[in-house]
Amino acid sequence: MIKFYYSTAPNPMKVALCLEEMGLAYEPIPVDTRKGAQHKPEYLAVNPNAKVPSIVDGDVTMFDSNAIVLYLAEKTGKFLPPNTPAQRGPMLSWLMFVASGIGPFTGQYVHFKSYAPEKIAYAMNRYEFEALRHWGIVDAHLAKNKYMVGDAYTVVDMALWGWARLVPNILGEHAAKFASVKRLADEISARPAAQKAIAIKDRHAFKTEMDEEAKRSMFPGNYGAQAAG
Ligand SMILES: N[C@@H](CCC(=O)N[C@@H](CS)C(=O)NCC(=O)O)C(=O)O
């Protein structure tokens, strides 16, 4: 039974989808990041980066969502493209592009637009430009390809889905520019595994308020000492 440490945020949701798609037995363990649970010593022993998701699979402990989805795909042999250099090379490129481009730039775009107490035009412009640029690259790719790699649904699509399903909420009026991203996100969201992944959160009550405790917990560098809970 895999222990899956999660919240409802985009990076954990990629892993939830993978676990469901692969039919793996897992125990979802909520980490309420708005209450500072990510900073507790017992959680830091699992994930020294104090973020979600993480998994514990027997004697294997892992953090970082894209590493986890690749691990699960290799463990099960499911949802990987054919193991040829011509397929594996692009698979690694797109998986890392989602990890190092889509996630961080979209996350910082949200941060400076919605959470930063000062509206810093330079930061907002930079992250909006970079977030839209990254989504534009994915959209152009998906305009020519049904899936991110090869002609079948893979873990790269699952990794993308964590963020892609939220594009309308996150990018607002800009979302209309990314019709091919929407096409893939909608296709994946309609899958039974995605519906089950989305429903995991109903088993736990997560704090929803973005109050001082939440800001101290999630942005400790800007809001003083973290709430160690
Ligand atoms: N590179 C990490 C990033 C994880 C991450 O930023 N997780 C967010 C949720 S999507 C989180 O834990 N936020 C709470 C916090 O920053 O305290 C991954 O892909 O797993």
# chains A, B, ... in the order shown; residues from 1 in each chain; ligands from 1
>>> select_by_dssp(residues="stretch 12-225 of chain A", states="alpha helix (DSSP H)", output="JSON, numbers by chain")
{"A": [12, 13, 14, 15, 16, 17, 18, 19, 20, 21, 41, 42, 43, 44, 65, 66, 67, 68, 69, 70, 71, 72, 73, 74, 75, 76, 85, 86, 87, 88, 89, 90, 91, 92, 93, 94, 95, 96, 97, 103, 104, 105, 106, 107, 108, 109, 110, 121, 122, 123, 124, 125, 126, 127, 128, 129, 130, 131, 132, 133, 134, 135, 136, 137, 138, 139, 140, 141, 142, 143, 144, 155, 156, 157, 158, 159, 160, 161, 162, 163, 164, 167, 168, 169, 170, 171, 179, 180, 181, 182, 183, 184, 185, 186, 187, 188, 189, 192, 193, 194, 195, 196, 197, 198, 199, 212, 213, 214, 215, 216, 217, 218]}
>>> select_by_dssp(residues="stretch 59-127 of chain A", states="strand (DSSP E)", output="PyMOL selection string")
chain A and resi 60-63
>>> residues_around(residues="A:Ala190", least_positions_apart="6", cutoff="12 Å", atoms="only C-alpha atoms", output="ChimeraX atom specification")
/A:17,161,165,183-184,196-198
>>> residues_near_ligand(ligand="ligand 1", cutoff="7 Å", atoms="only C-alpha atoms and all ligand atoms", output="list in words")
Ala9, Pro10, Asn11, Pro12, Thr33, Gln38, Ala50, Lys51, Val52, Pro53, Phe63, Asp64, Ser65, Asn66, Ala99, Ser217, Met218 and Phe219 of chain A
>>> residues_around(residues="A:Arg133", least_positions_apart="4", cutoff="12 Å", atoms="only C-alpha atoms", output="PyMOL selection string")
chain A and resi 101-102+105-106+109+125-129+137-140+171+174+177-178
